[in-house]
file input10.csv (CSV, C-alpha atoms)
chain,number,residue,atom,x,y,z
A,1,MET,CA,5.8,30.1,-49.8
A,2,THR,CA,6.7,28.9,-53.3
A,3,GLY,CA,8.7,25.8,-53.9
A,4,VAL,CA,12.5,25.8,-54.2
A,5,GLY,CA,13.5,26.2,-57.8
A,6,ALA,CA,16.8,25.6,-59.5
A,7,PRO,CA,19.8,27.4,-58.1
A,8,LEU,CA,20.1,31.0,-59.1
A,9,GLN,CA,23.9,30.8,-59.3
A,10,VAL,CA,26.4,28.0,-59.4
A,11,SER,CA,30.2,28.4,-59.3
A,12,HIS,CA,33.2,26.1,-59.0
A,13,ALA,CA,36.2,27.1,-56.9
A,14,SER,CA,39.5,25.6,-55.9
A,15,GLY,CA,41.0,26.5,-52.5
A,16,LEU,CA,39.5,28.3,-49.5
A,17,HIS,CA,40.3,31.8,-50.7
A,18,ALA,CA,38.5,31.2,-54.0
A,19,VAL,CA,35.4,29.8,-52.2
A,20,ASN,CA,35.3,32.7,-49.8
A,21,ARG,CA,35.6,35.2,-52.7
A,22,VAL,CA,32.7,33.5,-54.6
A,23,LEU,CA,30.5,33.5,-51.4
A,24,THR,CA,31.2,37.2,-50.8
A,25,GLU,CA,30.4,38.1,-54.4
A,26,MET,CA,27.1,36.1,-54.3
A,27,ARG,CA,26.0,37.7,-51.1
A,28,HIS,CA,26.7,41.3,-52.3
A,29,GLU,CA,25.0,40.7,-55.6
A,30,LEU,CA,21.9,39.3,-53.8
A,31,ILE,CA,21.7,42.2,-51.5
A,32,ARG,CA,22.0,44.6,-54.4
A,33,ALA,CA,19.3,42.8,-56.3
A,34,GLY,CA,17.0,43.0,-53.3
A,35,GLY,CA,17.5,46.7,-53.2
A,36,ILE,CA,16.8,47.1,-56.9
A,37,ASP,CA,13.6,44.9,-56.7
A,38,GLY,CA,12.4,46.7,-53.6
A,39,GLY,CA,11.9,43.4,-51.7
A,40,THR,CA,13.4,42.0,-48.6
A,41,VAL,CA,16.2,39.3,-48.9
A,42,HIS,CA,16.3,37.0,-45.9
A,43,LEU,CA,19.9,35.7,-45.6
A,44,SER,CA,21.5,33.2,-43.3
A,45,VAL,CA,20.2,32.9,-39.8
A,46,LEU,CA,22.3,29.8,-39.1
A,47,ASN,CA,25.3,27.8,-40.4
A,48,ILE,CA,24.8,24.1,-41.2
A,49,VAL,CA,27.9,22.0,-41.6
A,50,ALA,CA,26.9,18.6,-43.0
A,51,ALA,CA,29.6,16.0,-42.6
A,52,CYS,CA,29.2,13.1,-45.1
A,53,VAL,CA,30.9,9.8,-45.4
A,54,ASP,CA,30.7,9.5,-49.2
A,55,VAL,CA,29.3,11.0,-52.4
A,56,ASP,CA,25.9,9.4,-51.9
A,57,SER,CA,25.4,10.9,-48.5
A,58,ALA,CA,26.6,14.2,-49.9
A,59,ASP,CA,23.9,14.0,-52.6
A,60,LEU,CA,21.3,13.4,-49.9
A,61,ALA,CA,22.6,16.3,-47.9
A,62,THR,CA,22.5,18.5,-51.0
A,63,GLN,CA,18.8,17.7,-51.6
A,64,ALA,CA,18.0,18.0,-47.9
A,65,VAL,CA,19.6,21.4,-47.5
A,66,GLY,CA,17.8,22.6,-50.6
A,67,ARG,CA,14.5,21.8,-49.0
A,68,LEU,CA,15.4,23.0,-45.6
A,69,GLY,CA,16.6,26.3,-47.0
A,70,ALA,CA,13.1,27.2,-48.0
A,71,ARG,CA,12.2,27.4,-44.2
A,72,HIS,CA,15.6,28.1,-42.7
A,73,PRO,CA,17.8,30.6,-44.5
A,74,ALA,CA,21.3,29.2,-44.0
A,75,ARG,CA,24.8,28.9,-45.2
A,76,ALA,CA,25.2,25.2,-45.6
A,77,ILE,CA,28.6,23.6,-46.0
A,78,ILE,CA,28.4,20.0,-47.2
A,79,ILE,CA,31.8,18.3,-46.8
A,80,VAL,CA,33.2,14.9,-47.9
A,81,ALA,CA,36.7,14.4,-46.5
A,82,ASP,CA,38.8,11.5,-47.6
A,83,ARG,CA,42.3,11.3,-46.1
A,84,ASP,CA,43.4,8.7,-48.7
A,85,GLU,CA,42.6,10.9,-51.7
A,86,GLN,CA,45.1,13.4,-53.3
A,87,ALA,CA,45.5,16.7,-51.6
A,88,GLN,CA,42.7,19.0,-52.7
A,89,ILE,CA,40.0,21.5,-51.6
A,90,GLU,CA,37.4,21.7,-54.4
A,91,ALA,CA,34.0,23.3,-54.0
A,92,ASP,CA,30.7,23.8,-55.9
A,93,VAL,CA,29.0,27.0,-54.6
A,94,SER,CA,25.3,27.6,-55.3
A,95,LEU,CA,22.6,30.0,-54.2
A,96,GLN,CA,19.0,29.0,-54.0
A,97,CYS,CA,16.0,31.2,-53.1
A,98,SER,CA,12.3,30.8,-52.4
A,99,ALA,CA,9.7,33.6,-52.6
A,100,ILE,CA,7.7,34.5,-49.5
A,101,ASP,CA,5.2,37.3,-48.8
A,102,SER,CA,7.9,39.7,-47.5
A,103,GLY,CA,10.5,38.9,-50.1
A,104,ARG,CA,12.9,36.0,-50.6
A,105,VAL,CA,14.5,33.4,-48.4
A,106,CYS,CA,17.9,32.4,-49.7
A,107,ALA,CA,20.3,29.6,-48.8
A,108,GLU,CA,23.9,29.5,-49.7
A,109,GLN,CA,25.3,26.0,-50.3
A,110,VAL,CA,29.0,25.0,-50.5
A,111,ARG,CA,29.8,21.4,-51.4
A,112,LEU,CA,33.4,20.7,-50.5
A,113,THR,CA,35.6,17.8,-51.4
A,114,VAL,CA,38.6,17.6,-49.2
A,115,GLY,CA,41.5,15.2,-49.7
A,116,GLY,CA,45.0,14.6,-48.3
A,117,GLU,CA,46.3,16.3,-45.2
A,118,ALA,CA,43.5,18.8,-45.1
A,119,ALA,CA,41.0,16.0,-44.4
A,120,TYR,CA,42.6,15.6,-41.0
A,121,HIS,CA,41.7,19.2,-40.1
A,122,VAL,CA,38.2,19.6,-41.3
A,123,ALA,CA,37.3,22.2,-38.7
A,124,SER,CA,40.1,24.4,-39.9
A,125,VAL,CA,38.8,24.1,-43.5
A,126,VAL,CA,35.2,24.9,-42.5
A,127,THR,CA,35.8,27.8,-40.0
A,128,PRO,CA,36.8,30.5,-42.6
A,129,LEU,CA,33.6,29.7,-44.6
A,130,LEU,CA,31.1,30.2,-41.7
A,131,VAL,CA,29.0,33.3,-41.4
A,132,PRO,CA,30.1,34.9,-38.1
A,133,ASP,CA,27.9,35.7,-35.1
A,134,ILE,CA,25.1,33.1,-35.9
A,135,PRO,CA,24.7,29.6,-34.6
A,136,VAL,CA,26.6,26.6,-36.2
A,137,TYR,CA,25.0,23.2,-36.4
A,138,LEU,CA,27.0,20.2,-37.2
A,139,TRP,CA,24.9,17.6,-39.0
A,140,LEU,CA,26.3,14.1,-39.4
A,141,ILE,CA,24.9,12.4,-42.5
A,142,GLY,CA,25.1,8.7,-42.4
A,143,CYS,CA,27.6,7.5,-39.8
A,144,PRO,CA,30.8,9.6,-39.7
A,145,PRO,CA,33.3,8.7,-36.9
A,146,LEU,CA,31.9,10.0,-33.6
A,147,GLU,CA,35.4,10.8,-32.3
A,148,GLN,CA,35.8,13.4,-35.1
A,149,ALA,CA,32.4,15.0,-34.2
A,150,PHE,CA,33.4,15.4,-30.6
A,151,GLY,CA,36.9,16.5,-31.3
A,152,GLN,CA,38.1,19.6,-29.7
A,153,ASP,CA,38.1,21.6,-33.0
A,154,ALA,CA,34.6,20.5,-33.9
A,155,VAL,CA,33.2,21.3,-30.4
A,156,ALA,CA,34.8,24.7,-30.5
A,157,ILE,CA,33.0,25.8,-33.7
A,158,CYS,CA,29.5,24.4,-33.2
A,159,GLU,CA,26.6,24.9,-30.8
A,160,ARG,CA,24.6,21.8,-31.7
A,161,LEU,CA,25.3,18.4,-33.1
A,162,ILE,CA,22.6,16.7,-35.1
A,163,ILE,CA,23.0,12.9,-35.4
A,164,ASP,CA,20.9,9.9,-36.4
A,165,THR,CA,21.9,7.2,-33.9
A,166,GLY,CA,19.8,4.8,-36.0
A,167,ALA,CA,22.3,5.1,-38.8
A,168,TYR,CA,25.1,3.3,-37.0
A,169,ALA,CA,25.4,-0.4,-37.2
A,170,ASP,CA,26.1,-1.0,-33.5
A,171,SER,CA,23.4,1.1,-31.9
A,172,ALA,CA,24.2,0.0,-28.3
A,173,ALA,CA,27.9,1.0,-28.6
A,174,THR,CA,26.9,4.3,-30.3
A,175,LEU,CA,24.5,5.3,-27.5
A,176,ARG,CA,27.2,4.4,-24.9
A,177,THR,CA,29.8,6.5,-26.8
A,178,LEU,CA,27.4,9.5,-27.0
A,179,SER,CA,26.5,9.3,-23.3
A,180,ALA,CA,30.2,9.3,-22.3
A,181,GLU,CA,31.1,12.1,-24.8
A,182,LEU,CA,28.3,14.4,-23.6
A,183,SER,CA,29.2,13.7,-20.0
A,184,SER,CA,32.7,14.9,-20.8
A,185,ALA,CA,31.6,17.9,-22.9
A,186,GLY,CA,29.2,19.2,-20.3
A,187,ASP,CA,27.4,22.3,-21.6
A,188,ALA,CA,29.9,22.9,-24.4
A,189,ILE,CA,27.6,21.3,-27.0
A,190,SER,CA,24.0,20.1,-27.3
A,191,LEU,CA,22.8,17.1,-29.1
A,192,SER,CA,19.8,16.5,-31.3
A,193,ASP,CA,19.0,12.9,-32.4
A,194,VAL,CA,16.9,12.1,-35.5
A,195,ALA,CA,16.1,8.6,-34.0
A,196,TRP,CA,14.7,10.3,-30.9
A,197,GLU,CA,12.4,12.5,-33.1
A,198,ARG,CA,11.2,9.4,-35.0
A,199,ILE,CA,9.7,7.9,-31.8
A,200,ARG,CA,7.9,11.1,-30.7
A,201,LEU,CA,4.5,9.7,-31.5
A,202,TRP,CA,5.2,6.4,-29.7
A,203,ARG,CA,6.2,8.4,-26.6
A,204,GLN,CA,3.1,10.5,-26.8
A,205,LEU,CA,0.8,7.4,-27.1
A,206,ILE,CA,2.4,5.5,-24.3
A,207,ALA,CA,2.1,8.5,-22.0
A,208,GLN,CA,-1.6,9.0,-23.0
A,209,CYS,CA,-2.4,5.4,-22.1
A,210,PHE,CA,-1.8,6.2,-18.5
A,211,ASP,CA,-3.9,9.4,-18.5
A,212,GLY,CA,-7.1,7.6,-17.4
A,213,GLU,CA,-7.8,7.4,-13.7
A,214,GLN,CA,-8.4,3.7,-13.9
A,215,VAL,CA,-4.9,3.1,-15.3
A,216,ARG,CA,-2.8,5.9,-13.8
A,217,GLY,CA,-1.9,3.9,-10.7
A,218,PHE,CA,-0.3,1.1,-12.8
A,219,LEU,CA,2.3,3.6,-14.0
A,220,HIS,CA,4.5,2.8,-10.9
A,221,GLY,CA,3.7,-0.9,-11.0
A,222,ILE,CA,5.3,-1.8,-14.2
A,223,LYS,CA,7.0,-5.1,-13.9
A,224,ARG,CA,8.2,-5.9,-17.4
A,225,VAL,CA,8.6,-4.0,-20.6
A,226,ASP,CA,8.9,-5.7,-24.1
A,227,VAL,CA,10.2,-3.6,-26.9
A,228,GLU,CA,10.3,-5.0,-30.4
A,229,CYS,CA,11.8,-3.4,-33.6
A,230,THR,CA,12.6,-4.5,-37.1
A,231,GLY,CA,16.0,-5.5,-38.4
A,232,GLY,CA,18.8,-7.9,-37.4
A,233,VAL,CA,19.8,-6.1,-34.2
A,234,VAL,CA,18.1,-4.0,-31.6
A,235,SER,CA,17.9,-0.4,-32.9
A,236,ALA,CA,18.6,2.9,-31.3
A,237,GLN,CA,14.9,3.7,-31.4
A,238,ALA,CA,14.2,0.6,-29.3
A,239,TRP,CA,16.9,1.4,-26.7
A,240,LEU,CA,15.8,5.0,-26.5
A,241,ILE,CA,12.1,4.2,-25.9
A,242,ALA,CA,13.3,1.8,-23.1
A,243,GLY,CA,15.7,4.5,-21.8
A,244,TRP,CA,12.9,7.1,-21.8
A,245,LEU,CA,10.7,4.9,-19.7
A,246,ALA,CA,13.5,4.1,-17.3
A,247,SER,CA,14.6,7.7,-16.9
A,248,ARG,CA,11.1,9.2,-16.5
A,249,LEU,CA,10.0,6.6,-14.0
A,250,ASN,CA,13.3,6.6,-12.0
A,251,TRP,CA,14.1,2.9,-12.6
A,252,HIS,CA,17.4,1.9,-11.0
A,253,ASP,CA,19.6,-1.1,-11.3
A,254,ASP,CA,18.2,-2.9,-8.3
A,255,SER,CA,15.7,-5.7,-7.6
A,256,ASP,CA,12.7,-3.4,-7.9
A,257,ALA,CA,13.5,-2.3,-11.4
A,258,PRO,CA,11.3,-3.8,-14.2
A,259,THR,CA,12.6,-6.4,-16.5
A,260,VAL,CA,13.3,-4.8,-19.9
A,261,VAL,CA,13.4,-7.1,-22.9
A,262,THR,CA,14.4,-5.8,-26.4
A,263,THR,CA,14.2,-7.9,-29.5
A,264,ALA,CA,14.5,-7.4,-33.3
A,265,ARG,CA,13.0,-9.3,-36.1
A,266,GLU,CA,12.8,-8.9,-39.9
A,267,GLN,CA,9.5,-7.5,-41.2
A,268,ASP,CA,9.3,-6.5,-44.8
A,269,THR,CA,6.4,-4.1,-44.4
A,270,VAL,CA,8.1,-1.9,-41.9
A,271,ALA,CA,11.3,0.2,-42.4
A,272,GLU,CA,14.4,-1.3,-40.8
A,273,HIS,CA,15.0,-0.2,-37.2
A,274,ASP,CA,11.5,1.1,-36.7
A,275,LEU,CA,9.5,0.1,-33.6
A,276,ILE,CA,6.9,-2.6,-34.0
A,277,ARG,CA,5.5,-3.1,-30.5
A,278,VAL,CA,5.9,-1.8,-27.0
A,279,ALA,CA,4.2,-3.8,-24.2
A,280,LEU,CA,4.1,-2.8,-20.5
A,281,HIS,CA,3.1,-5.5,-18.0
A,282,CYS,CA,1.8,-3.9,-14.8
A,283,ARG,CA,0.6,-4.9,-11.3
A,284,LEU,CA,-1.2,-2.8,-8.7
A,285,GLY,CA,-2.2,-4.9,-5.6
A,286,GLU,CA,-4.3,-7.8,-6.8
A,287,HIS,CA,-4.9,-6.2,-10.2
A,288,GLN,CA,-3.0,-6.5,-13.4
A,289,ALA,CA,-2.9,-4.4,-16.6
A,290,LEU,CA,-1.3,-4.8,-20.0
A,291,VAL,CA,-0.6,-1.6,-22.0
A,292,ILE,CA,0.4,-2.1,-25.6
A,293,VAL,CA,1.3,0.3,-28.4
A,294,GLU,CA,1.8,-1.5,-31.7
A,295,ARG,CA,2.1,-0.9,-35.4
A,296,ARG,CA,-0.6,-2.3,-37.7
A,297,GLY,CA,-0.1,-1.2,-41.3
A,298,SER,CA,-0.1,2.6,-41.4
A,299,ALA,CA,-1.5,3.1,-37.9
A,300,LEU,CA,-0.4,2.8,-34.3
A,301,HIS,CA,-2.8,1.0,-32.1
A,302,SER,CA,-3.0,1.6,-28.3
A,303,ILE,CA,-4.6,-1.2,-26.2
A,304,ILE,CA,-5.3,-1.1,-22.5
A,305,ASP,CA,-6.3,-4.3,-20.8
A,306,VAL,CA,-7.1,-4.4,-17.1
A,307,ASP,CA,-7.6,-7.7,-15.4
A,308,GLY,CA,-8.0,-9.6,-18.6
A,309,GLY,CA,-10.9,-7.4,-19.8
A,310,LEU,CA,-10.3,-5.1,-22.7
A,311,ASN,CA,-10.9,-1.6,-21.4
A,312,ALA,CA,-9.9,0.6,-24.4
A,313,GLU,CA,-8.4,0.4,-27.9
A,314,SER,CA,-7.7,3.3,-30.2
A,315,ALA,CA,-5.7,3.9,-33.4
A,316,VAL,CA,-3.9,6.9,-34.9
A,317,PRO,CA,-2.4,7.2,-38.4
A,318,ASP,CA,1.3,7.0,-38.6
A,319,ARG,CA,2.0,8.8,-41.9
A,320,GLY,CA,5.8,8.7,-41.3
A,321,VAL,CA,8.1,11.7,-41.6
A,322,ASP,CA,11.2,11.6,-43.7
A,323,THR,CA,14.7,12.5,-42.4
A,324,VAL,CA,14.7,16.0,-44.0
A,325,ASP,CA,11.5,17.0,-42.2
A,326,LEU,CA,12.7,15.4,-38.9
A,327,VAL,CA,15.9,17.5,-39.2
A,328,GLY,CA,13.8,20.5,-39.9
A,329,ARG,CA,11.9,20.0,-36.7
A,330,LEU,CA,15.2,19.7,-34.8
A,331,LEU,CA,16.5,23.0,-36.3
A,332,GLU,CA,13.3,24.7,-35.1
A,333,SER,CA,13.6,23.3,-31.6
A,334,SER,CA,15.0,25.5,-28.8
A,335,GLY,CA,18.2,23.4,-28.2
A,336,GLU,CA,19.1,21.2,-25.3
A,337,ASP,CA,16.5,18.6,-24.5
A,338,PRO,CA,17.0,17.3,-20.9
A,339,VAL,CA,14.5,14.5,-21.4
A,340,TYR,CA,16.5,13.2,-24.3
A,341,ARG,CA,19.8,13.4,-22.3
A,342,ALA,CA,18.3,11.4,-19.5
A,343,ALA,CA,16.8,8.9,-21.9
A,344,LEU,CA,20.2,8.5,-23.7
A,345,ASP,CA,22.0,7.9,-20.4
A,346,SER,CA,19.4,5.3,-19.3
A,347,ALA,CA,19.4,3.6,-22.8
A,348,ALA,CA,23.2,3.4,-22.6
A,349,GLU,CA,23.0,1.6,-19.2
A,350,LEU,CA,20.3,-0.8,-20.4
A,351,ALA,CA,22.3,-1.6,-23.5
A,352,LEU,CA,25.4,-2.2,-21.5
A,353,ARG,CA,23.5,-4.7,-19.3
A,354,SER,CA,21.9,-6.5,-22.2
call {"tool": "encode", "arguments": {"input": "input10.csv", "output": "structure tokens"}}
result
Amino acid sequence: MTGVGAPLQVSHASGLHAVNRVLTEMRHELIRAGGIDGGTVHLSVLNIVAACVDVDSADLATQAVGRLGARHPARAIIIVADRDEQAQIEADVSLQCSAIDSGRVCAEQVRLTVGGEAAYHVASVVTPLLVPDIPVYLWLIGCPPLEQAFGQDAVAICERLIIDTGAYADSAATLRTLSAELSSAGDAISLSDVAWERIRLWRQLIAQCFDGEQVRGFLHGIKRVDVECTGGVVSAQAWLIAGWLASRLNWHDDSDAPTVVTTAREQDTVAEHDLIRVALHCRLGEHQALVIVERRGSALHSIIDVDGGLNAESAVPDRGVDTVDLVGRLLESSGEDPVYRAALDSAAELALRS
């Protein structure tokens, strides 16, 4: 596949009717051009609605959707709604295509600025612009109000909500809100979390530490878990890794449950909110084990120490994945992740007790 070039077409429109007219004209012209060229034009297979808190987050969404469109032909609606601005619905509409072996993959992008009364009814503004009969994903860029994302109108139009719990200042409150909202929504909507995707490698490495026969028995003898992250407050990633352990190992709020300690500290060499270290203190009969996964530079090190003698140490590179690629992974996933839902509920409980 070639890289994404400059937009093929860019138009400005005022009002929903004008935006719809421009989109229809672009789509018809693209199909006609495909027929003339003899190639296949791959149009939208999903709708992405990106809810942004300000112009800066809208700029990020615009860049992100341009990159995602090369792999996921979509109609993307990027919306900045400000109730305090003058009444308006203004839009910049663009079409961007990438060449592939069988033709072209094209993404339609609508960048909406909505002010006044219409900003209270964003779902009503967005709905007429969606391509019918294909999935709708609502992507929260930055930290838009969660009550708006789980409002009746929003839930009615989208199949999946993509959120980055790490973007919210109060991660503990955010996780508790999400857990409660999802419990109320039932199967009406699924949730994908960028912060959960960021800790995928950590989860894999912790699980692999207990693969060996000598260590496997300690899995159900964990007595204490220390989770450390960067920043001024404990991040969503830290709560989620603790919640994942608690849910997978059936820890309950009783005397047998391990002690979970989460801490945050500033570290200039690591991105804010990222995990630094996870340590599991285990006991099996008269034997003790310490299992650690920690960040050292650009690698994650796994250490297994049984009875004070170092048994194993290994390292894997952690190249890091930016937000756009993480969202791309989530778009490619099959949908509801029951492991995440269980981890979220447990993380919310742990945060509440902290």
call {"tool": "atom_distance", "arguments": {"input": "input10.csv", "atom1": "CA of Val324 (chain A)", "atom2": "CA of Thr62 (chain A)"}}
result
10.8 Å
call {"tool": "residues_around", "arguments": {"input": "input10.csv", "residues": "Glu228 (chain A)", "least_positions_apart": "3", "cutoff": "6 Å", "atoms": "all atoms listed in the file", "output": "JSON, numbers by chain"}}
result
{"A": [262, 263, 264, 276, 277]}
call {"tool": "atom_distance", "arguments": {"input": "input10.csv", "atom1": "CA of Gly232 (chain A)", "atom2": "CA of Arg200 (chain A)"}}
result
22.9 Å
call {"tool": "residues_near_point", "arguments": {"input": "input10.csv", "point": "(17.6, 16.2, -30.9)", "cutoff": "8 Å", "atoms": "only C-alpha atoms", "output": "VMD selection string"}}
result
chain A and resid 162 to 163 191 to 194 196 to 197 330 335 to 337 340
call {"tool": "residues_around", "arguments": {"input": "input10.csv", "residues": "region 139-151 of chain A", "least_positions_apart": "5", "cutoff": "6 Å", "atoms": "all atoms listed in the file", "output": "ChimeraX atom specification"}}
result
/A:49-53,161-163,167-168
call {"tool": "closest_residue", "arguments": {"input": "input10.csv", "among": "A:Gly217, A:Gly166, A:Gly243, A:Gly308", "to": "Ala347 (chain A)", "atoms": "all atoms listed in the file"}}
result
A:Gly243
call {"tool": "atom_distance", "arguments": {"input": "input10.csv", "atom1": "CA of Ala76 (chain A)", "atom2": "CA of Ala118 (chain A)"}}
result
19.4 Å
call {"tool": "closest_residue", "arguments": {"input": "input10.csv", "among": "A:Leu138, A:Ile304, A:Ala242, A:Ala299", "to": "Gln208 (chain A)", "atoms": "all atoms listed in the file"}}
result
A:Ile304
call {"tool": "closest_residue", "arguments": {"input": "input10.csv", "among": "A:Ile134, A:Val321, A:Leu350, A:Ala207", "to": "Val260 (chain A)", "atoms": "all atoms listed in the file"}}
result
A:Leu350
call {"tool": "closest_residue", "arguments": {"input": "input10.csv", "among": "A:Ala236, A:Val270, A:Ala185, A:Ile77", "to": "Arg198 (chain A)", "atoms": "only C-alpha atoms"}}
result
A:Ala236
call {"tool": "closest_residue", "arguments": {"input": "input10.csv", "among": "A:Asp322, A:Gly115, A:Ser334, A:His72", "to": "Arg160 (chain A)", "atoms": "all atoms listed in the file"}}
result
A:Ser334
call {"tool": "residues_around", "arguments": {"input": "input10.csv", "residues": "Trp202 (chain A)", "least_positions_apart": "6", "cutoff": "10 Å", "atoms": "all atoms listed in the file", "output": "MDAnalysis selection string"}}
result
chainID A and resid 208 241 275 277:278 293:295 300:302 318
call {"tool": "closest_residue", "arguments": {"input": "input10.csv", "among": "A:Glu349, A:Asp305, A:Asp226, A:Glu117", "to": "Arg83 (chain A)", "atoms": "all atoms listed in the file"}}
result
A:Glu117
call {"tool": "residues_near_point", "arguments": {"input": "input10.csv", "point": "(-3.7, -5.7, -18.4)", "cutoff": "12 Å", "atoms": "all atoms listed in the file", "output": "JSON, numbers by chain"}}
result
{"A": [209, 214, 215, 218, 219, 221, 222, 223, 224, 279, 280, 281, 282, 283, 284, 286, 287, 288, 289, 290, 291, 292, 303, 304, 305, 306, 307, 308, 309, 310, 311, 312]}
call {"tool": "closest_atom_pairs", "arguments": {"input": "input10.csv", "of": "region 298-346 of chain A", "to": "region 173-180 of chain A", "cutoff": "10 Å", "atoms": "all atoms listed in the file", "output": "Markdown table"}}
result
| residue | atom | partner | partner_atom | distance |
| --- | --- | --- | --- | --- |
| A:Arg341 | CA | A:Ser179 | CA | 7.9 |
| A:Ala342 | CA | A:Ser179 | CA | 9.3 |
| A:Ala343 | CA | A:Ser179 | CA | 9.8 |
| A:Leu344 | CA | A:Ser179 | CA | 6.4 |
| A:Asp345 | CA | A:Ser179 | CA | 5.5 |
| A:Ser346 | CA | A:Ser179 | CA | 9.1 |
call {"tool": "decode", "arguments": {"input": "input10.csv", "residues": "region 14-25 of chain A", "atoms": "N, CA and C atoms", "output": "PDB file, in the first residue's frame"}}
result
ATOM      1  N   SER A  14     -21.811  24.894   4.990  1.00  0.00           N
ATOM      2  CA  SER A  14     -22.499  25.431   6.166  1.00  0.00           C
ATOM      3  C   SER A  14     -23.868  24.775   6.261  1.00  0.00           C
ATOM      4  N   GLY A  15     -24.142  24.123   7.396  1.00  0.00           N
ATOM      5  CA  GLY A  15     -25.426  23.476   7.587  1.00  0.00           C
ATOM      6  C   GLY A  15     -25.402  22.023   7.168  1.00  0.00           C
ATOM      7  N   LEU A  16     -26.282  21.219   7.777  1.00  0.00           N
ATOM      8  CA  LEU A  16     -26.290  19.780   7.528  1.00  0.00           C
ATOM      9  C   LEU A  16     -26.654  19.432   6.096  1.00  0.00           C
ATOM     10  N   HIS A  17     -27.611  20.125   5.518  1.00  0.00           N
ATOM     11  CA  HIS A  17     -28.021  19.809   4.153  1.00  0.00           C
ATOM     12  C   HIS A  17     -26.863  20.001   3.180  1.00  0.00           C
ATOM     13  N   ALA A  18     -26.100  21.068   3.374  1.00  0.00           N
ATOM     14  CA  ALA A  18     -24.971  21.329   2.485  1.00  0.00           C
ATOM     15  C   ALA A  18     -23.888  20.265   2.654  1.00  0.00           C
ATOM     16  N   VAL A  19     -23.628  19.850   3.900  1.00  0.00           N
ATOM     17  CA  VAL A  19     -22.630  18.809   4.146  1.00  0.00           C
ATOM     18  C   VAL A  19     -23.033  17.506   3.480  1.00  0.00           C
ATOM     19  N   ASN A  20     -24.286  17.121   3.630  1.00  0.00           N
ATOM     20  CA  ASN A  20     -24.773  15.891   3.006  1.00  0.00           C
ATOM     21  C   ASN A  20     -24.669  15.952   1.496  1.00  0.00           C
ATOM     22  N   ARG A  21     -24.970  17.107   0.923  1.00  0.00           N
ATOM     23  CA  ARG A  21     -24.895  17.248  -0.527  1.00  0.00           C
ATOM     24  C   ARG A  21     -23.462  17.078  -1.019  1.00  0.00           C
ATOM     25  N   VAL A  22     -22.505  17.687  -0.313  1.00  0.00           N
ATOM     26  CA  VAL A  22     -21.097  17.567  -0.707  1.00  0.00           C
ATOM     27  C   VAL A  22     -20.629  16.114  -0.603  1.00  0.00           C
ATOM     28  N   LEU A  23     -20.997  15.428   0.473  1.00  0.00           N
ATOM     29  CA  LEU A  23     -20.605  14.027   0.647  1.00  0.00           C
ATOM     30  C   LEU A  23     -21.168  13.152  -0.474  1.00  0.00           C
ATOM     31  N   THR A  24     -22.420  13.376  -0.821  1.00  0.00           N
ATOM     32  CA  THR A  24     -23.048  12.585  -1.886  1.00  0.00           C
ATOM     33  C   THR A  24     -22.352  12.833  -3.221  1.00  0.00           C
ATOM     34  N   GLU A  25     -22.050  14.076  -3.504  1.00  0.00           N
ATOM     35  CA  GLU A  25     -21.370  14.410  -4.765  1.00  0.00           C
ATOM     36  C   GLU A  25     -19.973  13.774  -4.812  1.00  0.00           C
TER      37      GLU A  25
END
